[in-house]
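Pasted below: work08.pdb, PDB, C-alpha atoms.
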```
ATOM      1  CA  MET A   1     137.527 116.530  53.582
ATOM      2  CA  LYS A   2     139.735 113.523  54.234
ATOM      3  CA  ARG A   3     141.541 115.379  56.967
ATOM      4  CA  VAL A   4     138.252 116.025  58.783
ATOM      5  CA  LEU A   5     137.268 112.330  58.650
ATOM      6  CA  ARG A   6     140.609 111.217  60.011
ATOM      7  CA  LYS A   7     140.118 113.340  63.112
ATOM      8  CA  GLY A   8     136.980 111.435  64.263
ATOM      9  CA  ILE A   9     134.602 112.835  66.887
ATOM     10  CA  SER A  10     136.011 115.221  69.403
ATOM     11  CA  PRO A  11     137.021 113.918  72.858
ATOM     12  CA  VAL A  12     134.346 116.084  74.465
ATOM     13  CA  ILE A  13     131.537 114.541  72.383
ATOM     14  CA  ALA A  14     132.953 111.049  72.949
ATOM     15  CA  THR A  15     132.980 111.617  76.709
ATOM     16  CA  VAL A  16     129.450 112.997  76.680
ATOM     17  CA  LEU A  17     128.248 109.991  74.636
ATOM     18  CA  LEU A  18     130.008 107.580  76.963
ATOM     19  CA  VAL A  19     128.525 109.161  80.072
ATOM     20  CA  ALA A  20     125.065 109.268  78.479
ATOM     21  CA  ILE A  21     125.228 105.580  77.528
ATOM     22  CA  VAL A  22     126.375 104.609  81.021
ATOM     23  CA  ILE A  23     123.524 106.582  82.616
ATOM     24  CA  ILE A  24     120.943 105.003  80.295
ATOM     25  CA  ILE A  25     122.240 101.478  80.938
ATOM     26  CA  ALA A  26     122.340 102.107  84.681
ATOM     27  CA  PHE A  27     118.723 103.354  84.549
ATOM     28  CA  ILE A  28     117.595 100.263  82.614
ATOM     29  CA  VAL A  29     119.345  97.933  85.081
ATOM     30  CA  PHE A  30     117.797  99.879  87.976
ATOM     31  CA  LEU A  31     114.287  99.519  86.503
ATOM     32  CA  TRP A  32     114.876  95.807  85.893
ATOM     33  CA  PHE A  33     115.939  95.128  89.481
ATOM     34  CA  LYS A  34     113.150  97.329  90.826
ATOM     35  CA  ALA A  35     110.579  95.390  88.825
ATOM     36  CA  MET A  36     111.979  92.101  90.152
ATOM     37  CA  GLY A  37     111.832  93.385  93.713
ATOM     38  CA  GLU A  38     108.207  94.443  93.417
ATOM     39  CA  GLU A  39     107.116  91.050  92.184
ATOM     40  CA  VAL A  40     108.161  89.316  95.400
ATOM     41  CA  ILE A  41     104.989  88.486  97.343
ATOM     42  CA  THR A  42     105.472  86.953 100.765
ATOM     43  CA  LYS A  43     103.210  85.174 103.201
ATOM     44  CA  PHE A  44     104.283  84.214 106.723
ATOM     45  CA  GLY A  45     107.744  85.588 105.942
ATOM     46  CA  LYS A  46     108.416  83.392 102.945
ATOM     47  CA  ASN A  47     107.684  83.605  99.254
ATOM     48  CA  VAL A  48     104.021  82.993  98.533
ATOM     49  CA  GLU A  49     104.997  80.290  96.043
ATOM     50  CA  LEU A  50     106.339  78.277  98.965
ATOM     51  CA  SER A  51     103.152  78.929 100.963
ATOM     52  CA  CYS A  52     101.162  77.406  98.092
ATOM     53  CA  GLY A  53     102.871  74.115  98.943
ATOM     54  CA  ASP A  54     101.513  74.357 102.499
ATOM     55  CA  VAL A  55      97.879  74.780 101.393
ATOM     56  CA  GLU A  56      95.734  71.760 102.263
ATOM     57  CA  PHE A  57      92.062  71.489 101.461
ATOM     58  CA  LEU A  58      89.431  68.861 100.761
ATOM     59  CA  ALA A  59      86.755  69.412  98.138
ATOM     60  CA  GLU A  60      83.614  67.581  97.172
ATOM     61  CA  TYR A  61      80.826  68.163  94.669
ATOM     62  CA  SER A  62      77.518  66.385  95.137
ATOM     63  CA  ASN A  63      73.971  67.222  94.085
ATOM     64  CA  GLY A  64      75.119  70.573  92.720
ATOM     65  CA  GLU A  65      76.750  71.575  95.991
ATOM     66  CA  LEU A  66      80.447  72.375  96.176
ATOM     67  CA  ILE A  67      82.016  71.787  99.599
ATOM     68  CA  ILE A  68      85.512  73.004 100.476
ATOM     69  CA  SER A  69      87.225  72.301 103.789
ATOM     70  CA  ASN A  70      90.475  74.050 104.724
ATOM     71  CA  THR A  71      92.428  71.326 106.508
ATOM     72  CA  GLY A  72      95.762  73.150 106.512
ATOM     73  CA  ASN A  73      97.195  76.177 108.278
ATOM     74  CA  VAL A  74      97.178  78.667 105.415
ATOM     75  CA  PRO A  75      94.048  80.814 104.959
ATOM     76  CA  ILE A  76      92.620  80.316 101.463
ATOM     77  CA  PHE A  77      91.699  83.780 100.220
ATOM     78  CA  GLY A  78      89.832  82.593  97.149
ATOM     79  CA  ILE A  79      89.317  79.752  94.714
ATOM     80  CA  LYS A  80      89.532  79.795  90.934
ATOM     81  CA  VAL A  81      87.102  77.305  89.442
ATOM     82  CA  THR A  82      87.702  75.821  86.007
ATOM     83  CA  ALA A  83      84.734  73.878  84.663
ATOM     84  CA  GLU A  84      85.569  71.544  81.804
ATOM     85  CA  GLY A  85      82.792  70.153  79.635
ATOM     86  CA  ALA A  86      82.567  68.579  76.192
ATOM     87  CA  GLY A  87      85.097  70.663  74.273
ATOM     88  CA  SER A  88      84.629  73.705  76.443
ATOM     89  CA  GLU A  89      86.387  75.265  79.388
ATOM     90  CA  LYS A  90      85.100  78.084  81.550
ATOM     91  CA  ASN A  91      86.943  79.908  84.296
ATOM     92  CA  TYR A  92      85.248  81.435  87.310
ATOM     93  CA  ASP A  93      86.215  83.200  90.476
ATOM     94  CA  LEU A  94      84.304  81.379  93.208
ATOM     95  CA  LYS A  95      83.352  84.497  95.182
ATOM     96  CA  ASN A  96      82.715  86.888  92.307
ATOM     97  CA  ASN A  97      81.010  84.530  89.860
ATOM     98  CA  LEU A  98      79.593  81.552  91.717
ATOM     99  CA  ALA A  99      79.228  81.988  95.460
ATOM    100  CA  PRO A 100      79.116  85.558  96.838
ATOM    101  CA  GLU A 101      78.760  84.114 100.340
ATOM    102  CA  TRP A 102      82.420  82.996 100.283
ATOM    103  CA  PRO A 103      84.052  84.735 103.316
ATOM    104  CA  ASP A 104      85.471  88.189 102.490
ATOM    105  CA  LEU A 105      88.750  87.406 104.233
ATOM    106  CA  GLY A 106      88.948  83.889 102.867
ATOM    107  CA  LEU A 107      88.494  80.452 104.373
ATOM    108  CA  ASN A 108      90.450  80.206 107.600
ATOM    109  CA  PRO A 109      92.202  77.038 108.786
ATOM    110  CA  GLY A 110      89.602  74.565 109.992
ATOM    111  CA  GLY A 111      86.860  76.392 108.113
ATOM    112  CA  ILE A 112      84.377  74.748 105.816
ATOM    113  CA  PHE A 113      82.314  76.251 102.998
ATOM    114  CA  SER A 114      79.476  74.966 100.880
ATOM    115  CA  ALA A 115      77.479  76.527  98.075
ATOM    116  CA  ASP A 116      75.104  75.460  95.355
ATOM    117  CA  ILE A 117      76.811  76.139  92.029
ATOM    118  CA  GLU A 118      74.882  73.772  89.784
ATOM    119  CA  THR A 119      73.203  76.537  87.761
ATOM    120  CA  GLU A 120      76.484  78.133  86.729
ATOM    121  CA  ILE A 121      78.509  74.952  86.298
ATOM    122  CA  GLY A 122      75.799  73.332  84.174
ATOM    123  CA  SER A 123      76.895  70.259  82.285
ATOM    124  CA  ALA A 124      80.570  70.362  83.200
ATOM    125  CA  GLU A 125      82.251  66.979  83.499
ATOM    126  CA  LYS A 126      85.193  68.063  85.571
ATOM    127  CA  ILE A 127      85.885  70.892  88.019
ATOM    128  CA  ILE A 128      89.408  72.068  88.797
ATOM    129  CA  LEU A 129      89.853  74.145  91.957
ATOM    130  CA  THR A 130      92.914  76.376  92.254
ATOM    131  CA  PRO A 131      93.634  78.096  95.581
ATOM    132  CA  VAL A 132      94.281  81.842  95.669
ATOM    133  CA  LEU A 133      96.349  83.286  98.512
ATOM    134  CA  MET A 134      96.674  86.794  99.896
ATOM    135  CA  GLY A 135     100.248  87.908 100.445
ATOM    136  CA  THR A 136     102.124  91.134 100.976
ATOM    137  CA  SER A 137     104.572  92.958  98.781
ATOM    138  CA  ASP A 138     106.177  96.404  98.754
ATOM    139  CA  ARG A 139     102.980  97.706  97.175
ATOM    140  CA  GLY A 140     100.716  96.291  99.921
ATOM    141  CA  GLU A 141      98.434  93.288  99.853
ATOM    142  CA  ARG A 142      98.506  91.239  96.674
ATOM    143  CA  ILE A 143      96.662  88.116  95.626
ATOM    144  CA  TYR A 144      98.529  85.168  94.179
ATOM    145  CA  ILE A 145      97.061  82.241  92.248
ATOM    146  CA  CYS A 146      98.794  78.976  93.109
ATOM    147  CA  LYS A 147      99.493  77.827  89.574
ATOM    148  CA  GLY A 148     100.550  74.256  89.033
ATOM    149  CA  ASP A 149      98.933  70.830  89.107
ATOM    150  CA  MET A 150     100.374  70.039  92.530
ATOM    151  CA  TYR A 151      98.293  72.768  94.166
ATOM    152  CA  THR A 152      94.959  72.159  92.418
ATOM    153  CA  SER A 153      92.146  69.745  93.213
ATOM    154  CA  GLU A 154      90.217  67.958  90.472
ATOM    155  CA  ILE A 155      86.671  66.731  90.903
ATOM    156  CA  ILE A 156      85.145  64.433  88.306
ATOM    157  CA  ILE A 157      81.395  64.995  88.199
TER
ATOM    158  CA  MET B   1     159.426 117.789  76.299
ATOM    159  CA  LEU B   2     160.343 115.940  79.450
ATOM    160  CA  PRO B   3     157.037 116.519  81.305
ATOM    161  CA  GLN B   4     155.031 115.263  78.283
ATOM    162  CA  THR B   5     157.100 112.053  78.096
ATOM    163  CA  ARG B   6     156.566 111.458  81.795
ATOM    164  CA  LYS B   7     152.807 112.012  81.457
ATOM    165  CA  LYS B   8     152.587 109.384  78.731
ATOM    166  CA  ARG B   9     154.394 106.837  80.936
ATOM    167  CA  LEU B  10     152.057 107.510  83.848
ATOM    168  CA  SER B  11     148.879 107.051  81.786
ATOM    169  CA  LYS B  12     150.075 103.686  80.511
ATOM    170  CA  ARG B  13     150.139 102.323  84.061
ATOM    171  CA  GLY B  14     146.326 102.475  84.385
ATOM    172  CA  VAL B  15     144.465 101.885  87.709
ATOM    173  CA  SER B  16     146.662 100.645  90.522
ATOM    174  CA  VAL B  17     146.420  96.993  91.572
ATOM    175  CA  VAL B  18     145.057  97.902  95.012
ATOM    176  CA  ILE B  19     142.259 100.083  93.586
ATOM    177  CA  GLY B  20     141.484  97.310  91.104
ATOM    178  CA  TYR B  21     141.018  94.809  93.923
ATOM    179  CA  VAL B  22     138.926  97.255  95.960
ATOM    180  CA  LEU B  23     136.650  97.873  92.971
ATOM    181  CA  LEU B  24     136.341  94.136  92.281
ATOM    182  CA  VAL B  25     135.482  93.274  95.876
ATOM    183  CA  SER B  26     133.023  96.207  96.124
ATOM    184  CA  VAL B  27     131.201  95.125  92.972
ATOM    185  CA  ALA B  28     131.046  91.529  94.240
ATOM    186  CA  VAL B  29     129.683  92.623  97.646
ATOM    187  CA  VAL B  30     127.039  94.869  96.075
ATOM    188  CA  LEU B  31     125.935  92.118  93.661
ATOM    189  CA  GLY B  32     125.842  89.623  96.545
ATOM    190  CA  GLY B  33     123.628  91.981  98.567
ATOM    191  CA  VAL B  34     121.264  92.515  95.654
ATOM    192  CA  MET B  35     120.993  88.766  95.016
ATOM    193  CA  TYR B  36     120.418  88.056  98.720
ATOM    194  CA  ALA B  37     117.639  90.653  98.936
ATOM    195  CA  TRP B  38     116.000  89.141  95.866
ATOM    196  CA  MET B  39     116.341  85.472  96.817
ATOM    197  CA  LYS B  40     115.888  85.521 100.601
ATOM    198  CA  SER B  41     112.134  85.007 100.375
ATOM    199  CA  TYR B  42     112.749  81.729  98.531
ATOM    200  CA  VAL B  43     114.625  80.187 101.453
ATOM    201  CA  PRO B  44     112.305  77.424 102.719
ATOM    202  CA  LYS B  45     111.157  77.701 106.313
ATOM    203  CA  GLU B  46     109.715  75.117 108.601
ATOM    204  CA  SER B  47     106.021  74.552 107.901
ATOM    205  CA  LEU B  48     103.430  75.211 110.555
ATOM    206  CA  ASP B  49     102.344  71.678 111.449
ATOM    207  CA  CYS B  50     101.399  69.664 114.488
ATOM    208  CA  PRO B  51     103.873  67.026 115.621
ATOM    209  CA  GLU B  52     103.170  63.632 114.107
ATOM    210  CA  GLY B  53     100.932  61.662 116.445
ATOM    211  CA  SER B  54      98.565  64.445 117.475
ATOM    212  CA  ALA B  55      95.108  62.884 117.520
ATOM    213  CA  LEU B  56      91.736  63.075 119.216
ATOM    214  CA  SER B  57      88.795  60.741 118.880
ATOM    215  CA  ILE B  58      85.163  60.497 119.955
ATOM    216  CA  LYS B  59      85.031  57.795 122.608
ATOM    217  CA  SER B  60      81.267  57.837 122.998
ATOM    218  CA  TYR B  61      78.210  59.984 122.458
ATOM    219  CA  VAL B  62      74.686  60.398 123.800
ATOM    220  CA  TYR B  63      72.071  61.382 121.228
ATOM    221  CA  ASN B  64      68.381  60.623 121.557
ATOM    222  CA  CYS B  65      66.410  61.031 118.363
ATOM    223  CA  SER B  66      63.163  61.326 120.337
ATOM    224  CA  ASP B  67      64.624  64.454 121.940
ATOM    225  CA  PRO B  68      67.259  65.623 119.445
ATOM    226  CA  SER B  69      67.978  68.929 121.129
ATOM    227  CA  LYS B  70      71.395  68.043 122.487
ATOM    228  CA  ILE B  71      74.308  65.741 121.830
ATOM    229  CA  ASN B  72      76.955  64.909 124.410
ATOM    230  CA  LEU B  73      80.343  63.880 123.073
ATOM    231  CA  THR B  74      83.098  62.299 125.110
ATOM    232  CA  ILE B  75      86.385  63.248 123.488
ATOM    233  CA  VAL B  76      89.616  61.435 124.295
ATOM    234  CA  ASN B  77      93.187  62.380 123.452
ATOM    235  CA  ASN B  78      94.522  59.167 121.942
ATOM    236  CA  GLY B  79      97.618  60.833 120.495
ATOM    237  CA  ARG B  80     101.104  61.312 121.865
ATOM    238  CA  PHE B  81     100.927  65.089 122.377
ATOM    239  CA  ALA B  82      98.760  67.466 124.359
ATOM    240  CA  ALA B  83      96.103  69.350 122.396
ATOM    241  CA  ALA B  84      94.365  72.669 122.876
ATOM    242  CA  GLY B  85      91.000  71.614 121.488
ATOM    243  CA  TYR B  86      89.358  70.620 118.247
ATOM    244  CA  PHE B  87      87.495  71.703 115.158
ATOM    245  CA  ILE B  88      84.128  69.996 114.949
ATOM    246  CA  HIS B  89      81.798  69.677 111.965
ATOM    247  CA  ALA B  90      78.609  67.709 111.537
ATOM    248  CA  SER B  91      76.653  66.376 108.605
ATOM    249  CA  ASN B  92      72.963  65.643 108.380
ATOM    250  CA  SER B  93      73.283  63.787 105.123
ATOM    251  CA  THR B  94      74.752  60.366 104.505
ATOM    252  CA  ASP B  95      75.509  61.360 100.886
ATOM    253  CA  GLU B  96      78.135  63.947 101.821
ATOM    254  CA  ALA B  97      81.642  62.746 102.483
ATOM    255  CA  LEU B  98      82.533  66.065 104.144
ATOM    256  CA  ALA B  99      80.684  67.398 107.160
ATOM    257  CA  THR B 100      79.626  70.983 106.479
ATOM    258  CA  ILE B 101      77.950  72.225 109.664
ATOM    259  CA  ASP B 102      80.232  74.009 112.118
ATOM    260  CA  LEU B 103      79.247  72.579 115.498
ATOM    261  CA  SER B 104      81.530  74.903 117.480
ATOM    262  CA  GLU B 105      78.797  77.515 117.072
ATOM    263  CA  LYS B 106      76.432  75.137 118.887
ATOM    264  CA  LEU B 107      78.709  74.521 121.866
ATOM    265  CA  ILE B 108      77.012  74.726 125.237
ATOM    266  CA  PRO B 109      79.714  76.533 127.258
ATOM    267  CA  GLY B 110      80.821  75.313 130.632
ATOM    268  CA  GLY B 111      83.776  73.914 132.541
ATOM    269  CA  GLY B 112      86.311  76.258 130.949
ATOM    270  CA  VAL B 113      85.420  75.176 127.430
ATOM    271  CA  ILE B 114      85.231  78.070 124.984
ATOM    272  CA  LYS B 115      84.776  78.818 121.287
ATOM    273  CA  TYR B 116      87.790  80.297 119.519
ATOM    274  CA  GLY B 117      88.448  80.801 115.810
ATOM    275  CA  GLY B 118      85.878  78.220 114.765
ATOM    276  CA  ALA B 119      87.277  75.685 117.224
ATOM    277  CA  VAL B 120      86.399  74.395 120.676
ATOM    278  CA  LEU B 121      89.199  75.123 123.148
ATOM    279  CA  LEU B 122      89.489  73.004 126.277
ATOM    280  CA  GLY B 123      91.967  75.057 128.278
ATOM    281  CA  GLY B 124      92.140  78.724 127.412
ATOM    282  CA  THR B 125      93.752  80.590 124.592
ATOM    283  CA  ASN B 126      97.427  79.774 125.072
ATOM    284  CA  ASN B 127      97.784  76.309 126.541
ATOM    285  CA  ASN B 128      97.755  72.720 125.327
ATOM    286  CA  THR B 129      96.058  71.398 128.445
ATOM    287  CA  PHE B 130      94.331  68.331 126.998
ATOM    288  CA  LYS B 131      97.018  65.736 127.639
ATOM    289  CA  PRO B 132      97.309  62.213 126.182
ATOM    290  CA  ASN B 133      94.629  59.848 127.556
ATOM    291  CA  ASP B 134      92.643  62.793 129.002
ATOM    292  CA  GLU B 135      88.892  62.675 128.470
ATOM    293  CA  THR B 136      86.272  65.400 128.414
ATOM    294  CA  THR B 137      82.554  65.528 127.728
ATOM    295  CA  ASN B 138      81.162  68.484 125.788
ATOM    296  CA  SER B 139      77.565  69.249 124.913
ATOM    297  CA  PHE B 140      76.198  70.799 121.740
ATOM    298  CA  ASP B 141      72.805  72.270 121.021
ATOM    299  CA  VAL B 142      71.665  70.516 117.856
ATOM    300  CA  ILE B 143      67.959  71.260 118.008
ATOM    301  CA  ALA B 144      68.076  73.057 114.644
ATOM    302  CA  LEU B 145      69.756  70.126 112.917
ATOM    303  CA  THR B 146      67.552  67.392 111.651
ATOM    304  CA  GLY B 147      68.843  63.898 111.130
ATOM    305  CA  LEU B 148      72.378  64.234 112.460
ATOM    306  CA  ALA B 149      74.340  61.663 110.444
ATOM    307  CA  SER B 150      78.014  62.070 111.303
ATOM    308  CA  ILE B 151      80.496  64.211 113.215
ATOM    309  CA  GLU B 152      84.118  64.961 112.325
ATOM    310  CA  ILE B 153      86.722  66.346 114.688
ATOM    311  CA  SER B 154      90.348  67.336 114.143
ATOM    312  CA  ALA B 155      92.838  68.456 116.779
ATOM    313  CA  VAL B 156      94.230  71.969 117.235
ATOM    314  CA  ARG B 157      97.317  73.014 119.183
ATOM    315  CA  TRP B 158      99.173  76.121 120.312
ATOM    316  CA  GLN B 159     102.728  76.090 119.008
ATOM    317  CA  ASN B 160     105.664  78.438 119.008
ATOM    318  CA  TYR B 161     106.539  79.467 115.479
ATOM    319  CA  GLU B 162     109.223  82.077 114.920
ATOM    320  CA  ASN B 163     108.909  83.280 118.519
ATOM    321  CA  LYS B 164     105.147  83.688 118.255
ATOM    322  CA  LEU B 165     102.425  81.523 119.724
ATOM    323  CA  ARG B 166     100.380  80.287 116.778
ATOM    324  CA  PHE B 167      97.085  78.428 116.603
ATOM    325  CA  VAL B 168      97.707  75.300 114.537
ATOM    326  CA  ASN B 169      95.236  73.051 112.771
ATOM    327  CA  CYS B 170      96.455  69.457 112.912
ATOM    328  CA  GLY B 171      94.504  68.776 109.706
ATOM    329  CA  LYS B 172      93.671  65.617 107.839
ATOM    330  CA  GLU B 173      96.157  63.473 109.752
ATOM    331  CA  SER B 174      94.270  64.018 112.995
ATOM    332  CA  MET B 175      90.754  63.875 111.570
ATOM    333  CA  PHE B 176      88.298  61.478 113.211
ATOM    334  CA  LYS B 177      84.818  60.713 111.911
ATOM    335  CA  GLU B 178      81.976  59.158 113.902
ATOM    336  CA  THR B 179      78.669  58.000 112.452
ATOM    337  CA  ILE B 180      75.774  59.065 114.627
ATOM    338  CA  ASN B 181      72.876  56.682 115.300
ATOM    339  CA  CYS B 182      69.831  57.106 117.470
ATOM    340  CA  GLN B 183      70.202  55.587 120.910
ATOM    341  CA  ASN B 184      66.564  55.090 121.825
TER
END
```
Since I need it in another form, could you write the structure as structure tokens?
Amino acid sequence: MKRVLRKGISPVIATVLLVAIVIIIAFIVFLWFKAMGEEVITKFGKNVELSCGDVEFLAEYSNGELIISNTGNVPIFGIKVTAEGAGSEKNYDLKNNLAPEWPDLGLNPGGIFSADIETEIGSAEKIILTPVLMGTSDRGERIYICKGDMYTSEIII
Amino acid sequence: MLPQTRKKRLSKRGVSVVIGYVLLVSVAVVLGGVMYAWMKSYVPKESLDCPEGSALSIKSYVYNCSDPSKINLTIVNNGRFAAAGYFIHASNSTDEALATIDLSEKLIPGGGVIKYGGAVLLGGTNNNTFKPNDETTNSFDVIALTGLASIEISAVRWQNYENKLRFVNCGKESMFKETINCQN
């Protein structure tokens, strides 16, 4: 019995194990890099995160009407609306939840949009508008929400 | 016995120095390529913006409230660069800070002035023909608008960007607002 233990695993099994482990690790690394590559969304030839910094828009809310003016050179595909009230926070997609008349292809540079959203917003005290951009990736067109305070617009009601 | 001894000596030498270097350089090149492909989209590029000092303004207007079917605007290029035209929006409420009515749709065409992409173009679809100190008068049909309160314009330009001619909004920096009052 002791003699068997001292011999260890055979060189053939060791080689097979080694090759198998290398293949598995290579596959995992491949999947990891592939996943990273797919996440890259570009707009105008640069990462969409950089395009978020180029978005410029003015927003106003008066008498229940939300007005958004695209004063930059990046089309705004959509707007996420966060309505903050007394201890509550609700998130909306402007086109799907509040204003279906929002242009299908987004608000082009120089464009202006207005809609009555008072019924849905209700007693909110603050509205936060977050731009959504349309970019391209290996998988086709993808939307990207410009997360971060520097890209959003706050309106105190 | 001699061949076995020789074999042992050979195996102790491992991979040659040259092959070692080749492998090392190859791995470094491949990793560099992968990192470049991943990071290249993060390299900042020049933003699409008008040159600083691009500006238009409304020099004068003719608007009669007793016959509010038309407004004539005299636009002047008071900037340092030629422009292609302007975005124009109107408001019929003094409460709104932003003008929401797109007046380019109400343009009365004539004299080479055309509508393009929500803007009024003064010299075709590829030229910045409206030079500094130039003036032009454009008319808009505003019969459907009651109580015109203000008009906002902002300049637009054609610019080369990455070897393509792009239509550029000069944005907030070039925005000009005029309050409209009855003139009779």
Per residue of chain B within 9 Å of chain A, note the shortest atom pair and the distance in Å to one decimal, counting only C-alpha atoms, and order the rows by chain and increasing residue number, as CSV.
```
residue,atom,partner,partner_atom,distance
B:Val34,CA,A:Phe33,CA,8.6
B:Ala37,CA,A:Gly37,CA,8.3
B:Trp38,CA,A:Gly37,CA,6.3
B:Lys40,CA,A:Lys46,CA,8.1
B:Ser41,CA,A:Asn47,CA,4.8
B:Tyr42,CA,A:Asn47,CA,5.4
B:Val43,CA,A:Lys46,CA,7.1
B:Pro44,CA,A:Leu50,CA,7.1
B:Lys45,CA,A:Lys46,CA,7.2
B:Ser47,CA,A:Asp54,CA,7.0
B:Leu48,CA,A:Asn73,CA,6.7
B:Asp49,CA,A:Asn73,CA,7.5
B:Phe87,CA,A:Gly110,CA,6.3
B:Ile88,CA,A:Gly110,CA,8.7
B:His89,CA,A:Ile112,CA,8.4
B:Asp95,CA,A:Ser62,CA,7.9
B:Glu96,CA,A:Ser62,CA,7.1
B:Ala97,CA,A:Glu60,CA,7.4
B:Leu98,CA,A:Glu60,CA,7.2
B:Ala99,CA,A:Ile112,CA,8.3
B:Thr100,CA,A:Ile112,CA,6.1
B:Ile101,CA,A:Ile112,CA,7.9
B:Asp102,CA,A:Ile112,CA,7.6
B:Gly117,CA,A:Asn108,CA,8.5
B:Gly118,CA,A:Gly111,CA,7.0
B:Ala119,CA,A:Gly110,CA,7.7
B:Ser154,CA,A:Gly110,CA,8.4
B:Val156,CA,A:Gly110,CA,9.0
B:Phe167,CA,A:Asn73,CA,8.6
B:Val168,CA,A:Asn73,CA,6.3
B:Asn169,CA,A:Asn73,CA,5.8
B:Cys170,CA,A:Gly72,CA,7.4
B:Gly171,CA,A:Thr71,CA,4.6
B:Lys172,CA,A:Thr71,CA,6.0
```
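Distances from A:Ala14, A:Leu107, A:Met150, A:Ile128 to Lys80 of chain A were compared using all atoms listed in the file, and the smallest one belongs to A:Ile128.
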Selection result for the PyMOL selection byres ((chain B and resi 113) around 10) on this file, as a list in words: Gly85, Leu107, Ile108, Pro109, Gly110, Gly111, Gly112, Ile114, Lys115, Tyr116, Val120, Leu121, Leu122, Gly123, Gly124, Thr136 and Asn138 of chain B
On this file, the PyMOL selection byres ((chain B and resi 72) around 9) gives some set of residues; write that set as number ranges by chain. B: 60-63, 70-71, 73-74, 137-140
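Across the model, the gap from atom CA of Phe81 of chain B to atom CA of Thr129 of chain B is 10.0 Å.
Against this structure, the PyMOL selection byres ((chain B and resi 174-179) around 7) ends up with Ser54, Ala55, Leu56, Ser57, Ile58, Ala149, Ser150, Ile151, Glu152, Ile153, Ser154, Ala155, Cys170, Gly171, Lys172, Glu173, Ile180 and Asn181 of chain B.
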Determine the axis-aligned bounding box of all atoms of segment 32-40 of chain B present in the file, pad each side by 4 Å, and express its centre and edge lengths in Å to one decimal place as AutoDock Vina command-line options.
```
--center_x 120.9 --center_y 89.0 --center_z 97.8 --size_x 18.0 --size_y 15.0 --size_z 13.6
```
Counting only C-alpha atoms, note down every residue that has an atom within 12 Å of the point (79.7, 83.2, 100.8) (file coordinates), as a PyMOL selection string. chain A and resi 66-68+78-79+94-107+112-117
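A straight line drawn from atom CA of Leu17 of chain A to atom CA of Gly20 of chain B is 24.6 Å long.
Checking A:Arg142, A:Tyr92, A:Ala83, A:Val16 one by one against Ile155 of chain A, counting only C-alpha atoms, you find the shortest gap at A:Ala83.
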Enter the distance from atom CA of Trp32 of chain A to atom CA of Leu133 of chain A, in Å, rounded to one decimal. 25.7 Å
Expected answer as a list in words: all residues with atoms within 7 Å of (93.5, 60.4, 126.7), all atoms listed in the file: Val76, Asn77, Asn78, Lys131, Pro132, Asn133, Asp134 and Glu135 of chain B
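Across B:Arg80, B:Lys106, B:Gly33, B:Ala28, the tightest approach to Glu52 of chain B is made by B:Arg80 when counting only C-alpha atoms.
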Would you list the contacts of Glu84 of chain A as a PDB file with C-alpha atoms, keeping the file's coordinate frame, taking every protein, DNA or RNA residue within 12 Å and counting all atoms listed in the file, but skipping same-chain residues closer than 3 positions in sequence?
```
ATOM      1  CA  VAL A  81      87.102  77.305  89.442  1.00  0.00           C
ATOM      2  CA  GLY A  87      85.097  70.663  74.273  1.00  0.00           C
ATOM      3  CA  SER A  88      84.629  73.705  76.443  1.00  0.00           C
ATOM      4  CA  GLU A  89      86.387  75.265  79.388  1.00  0.00           C
ATOM      5  CA  LYS A  90      85.100  78.084  81.550  1.00  0.00           C
ATOM      6  CA  ASN A  91      86.943  79.908  84.296  1.00  0.00           C
ATOM      7  CA  TYR A  92      85.248  81.435  87.310  1.00  0.00           C
ATOM      8  CA  ILE A 121      78.509  74.952  86.298  1.00  0.00           C
ATOM      9  CA  GLY A 122      75.799  73.332  84.174  1.00  0.00           C
ATOM     10  CA  SER A 123      76.895  70.259  82.285  1.00  0.00           C
ATOM     11  CA  ALA A 124      80.570  70.362  83.200  1.00  0.00           C
ATOM     12  CA  GLU A 125      82.251  66.979  83.499  1.00  0.00           C
ATOM     13  CA  LYS A 126      85.193  68.063  85.571  1.00  0.00           C
ATOM     14  CA  ILE A 127      85.885  70.892  88.019  1.00  0.00           C
ATOM     15  CA  ILE A 128      89.408  72.068  88.797  1.00  0.00           C
ATOM     16  CA  LEU A 129      89.853  74.145  91.957  1.00  0.00           C
ATOM     17  CA  GLU A 154      90.217  67.958  90.472  1.00  0.00           C
ATOM     18  CA  ILE A 155      86.671  66.731  90.903  1.00  0.00           C
ATOM     19  CA  ILE A 156      85.145  64.433  88.306  1.00  0.00           C
ATOM     20  CA  ILE A 157      81.395  64.995  88.199  1.00  0.00           C
TER      21      ILE A 157
END
```
